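J.: What follows is a single structure, and I will ask about it in a moment.
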Amino acid sequence: MKDTFKSGFISIIGRTNVGKSTLMNRLIGEKIAIMSNKPQTTRNRIQTVLTTQEYQAIFIDTPGIHTPQNKLGEMMIKTANTTLNEVDIIFYLVEPEPIIGKNEAGIIEKLKTVKTPIFLCINKIDSVSKEDVAKTIDKYKEQLEFAEIIPISAYEGNNVDALLKCIGKYLPEGPHFFPDDVLTDQPERQIVAEMIREKALHLLDKEIPHGIAIEIDSMKARPKGDIVDIEATIVCERDSHKRIIIGKNGTMIKDIGSKARYDMERLLGSKVYLTLWVKVKKNWRDSQFLLKNFGFNNDEF
């Protein structure tokens, strides 16, 4: 007799820059969420799908929990908090630190109010000793009862298989929410925009990356289907930022474009002709109208 199929939703939470997007990409074996060593990389809930013979897991990569500085930040925090009671499993990512800081303590207090099974995922174990990992486990066990405690390295892939094996024990019986070959619910235009933003996060310094958004102006395949023409605008908040994004003789924007185009061609399976523009829209992160225009719709949260 064939085992009952299971399915459900898994929220990946944690403070900023703890490796949530890296883990989600590792779990499904594809790069969907953008990654950066700068905090607050993820702005919206990004869903990816893993289908095995036993279950279908829909992972929700949430924005890092932080102290908001503007309307965009407030929406990011609301997005992260909303998922806690809507999912079947919570992956709570922490770093192997023996002392629980203020941000982690605040997250733990929120987790105490939910009934969802919580996996404590101690990430970045490749960078510390086993003794440090053990101390971290002891400290967190004092704070909260976890369904599972699994030390991992999302970057190296260490122990991620053990994490995947545990999922089936906690997911409820359910249908295929998505076809077996679907990896994400994000439209291609959204993924393409995020690829551009990721390259900007890597190449630009200080506060400029947090003050940018990406608008896909047009995205069309040529008649033969061998080339996709994409026009996009990088929106920033200051004229001085615009000059830096363009760079001397256009070198920076060319670099952003060439690196983004490489990922786009892998995603789309065809050549990409990418044209980038830069536009200034001052204080867009505090404008409800502009946030909605860029896809951050507060009504959805």
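If you're wondering about the labels, chains in the structure tokens are A, B, ... by order shown, residues count from 1 in each chain, ligands from 1 in order shown.
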So that each row is one residue of region 152-254 of chain A with an atom at most 9 Å from region 116-132 of chain A, can you give its shortest atom pair and the distance in Å to one decimal, using only C-alpha atoms, rows by chain and rising number, as a Markdown table?
T.:
| residue | atom | partner | partner_atom | distance |
| --- | --- | --- | --- | --- |
| A:Ile152 | CA | A:Asn123 | CA | 4.9 |
| A:Ser153 | CA | A:Lys124 | CA | 4.7 |
| A:Ala154 | CA | A:Asn123 | CA | 6.5 |
| A:Tyr155 | CA | A:Lys124 | CA | 7.5 |
| A:Glu156 | CA | A:Asp126 | CA | 7.5 |
| A:Asn158 | CA | A:Asp126 | CA | 7.9 |
| A:Leu163 | CA | A:Cys121 | CA | 8.5 |
| A:Tyr170 | CA | A:Pro117 | CA | 7.5 |
J.: Contacts of region 221-234 of chain A at 6 Å or less, counting only C-alpha atoms, minus same-chain residues fewer than 2 places along, as a count of residues only?
T.: 16
J.: I need the strand (DSSP E or B) residues of region 78-113 of chain A per DSSP on the backbone, written as a ChimeraX atom specification.
T.: /A:89-94
J.: Go ahead and dump the residues you just picked, N, CA and C atoms, as a short mmCIF file (atom, residue, chain, number, x, y, z; two decimals), in the first residue's frame.
T.:
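Dumped to out-v6.cif:
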data_model
loop_
_atom_site.label_atom_id
_atom_site.label_comp_id
_atom_site.auth_asym_id
_atom_site.auth_seq_id
_atom_site.Cartn_x
_atom_site.Cartn_y
_atom_site.Cartn_z
N ILE A 89 5.25 24.25 9.57
CA ILE A 89 6.53 24.12 10.26
C ILE A 89 7.24 25.47 10.21
N ILE A 90 7.99 25.79 11.24
CA ILE A 90 8.84 26.99 11.25
C ILE A 90 10.30 26.55 11.34
N PHE A 91 11.12 27.01 10.40
CA PHE A 91 12.57 26.88 10.52
C PHE A 91 13.09 28.17 11.14
N TYR A 92 13.59 28.09 12.36
CA TYR A 92 14.15 29.27 13.02
C TYR A 92 15.67 29.20 12.91
N LEU A 93 16.24 30.06 12.07
CA LEU A 93 17.68 30.06 11.83
C LEU A 93 18.39 30.98 12.81
N VAL A 94 19.45 30.46 13.41
CA VAL A 94 20.30 31.26 14.29
C VAL A 94 21.75 30.96 13.95
#
J.: Select, from A:Arg15, A:Thr51, A:Ile256, A:Ala134, the residue with the minimum atom-to-atom distance to Ala193 (chain A), counting only C-alpha atoms.
T.: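 So, comparing all the options, the nearest one is A:Ile256.
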J.: Using only C-alpha atoms, find the one residue out of A:Ile107, A:Leu164, A:Leu204, A:Leu267 that sits nearest to Thr52 (chain A).
T.: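 Answer, going by the shortest atom-to-atom distance: A:Leu164.
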J.: Residues of region 195-236 of chain A classed as helix (DSSP H, G or I) by DSSP on the backbone are to be reported as a ChimeraX atom specification.
T.: /A:195-203,209-211
J.: Which residue out of A:Gly250, A:Ile244, A:Lys220, A:Glu95 has the minimum interatomic distance to Arg189 (chain A) when only C-alpha atoms are used?
T.: A:Lys220
J.: Please indicate the distance in Å from CA of Leu144 (chain A) to CA of Val160 (chain A), rounded to one decimal place.
T.: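 For CA of Leu144 (chain A) relative to CA of Val160 (chain A), the distance reads 22.3 Å.
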J.: Would you work out the distance separating CA of Gly168 (chain A) from CA of Gly106 (chain A), expressed in Å to one decimal?
T.: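 One can read the CA of Gly168 (chain A) to CA of Gly106 (chain A) distance as 29.0 Å.
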J.: In Å, how far is it from CA of Asn17 (chain A) to CA of Glu109 (chain A)?
T.: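 A separation of 20.0 Å between them.
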J.: Find the residue from A:Ile167, A:Ala162, A:Ile149, A:Val18 that sits nearest to Glu97 (chain A); use only C-alpha atoms when measuring.
T.: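 Using only C-alpha atoms, the shortest distance to Glu97 (chain A) belongs to A:Val18.
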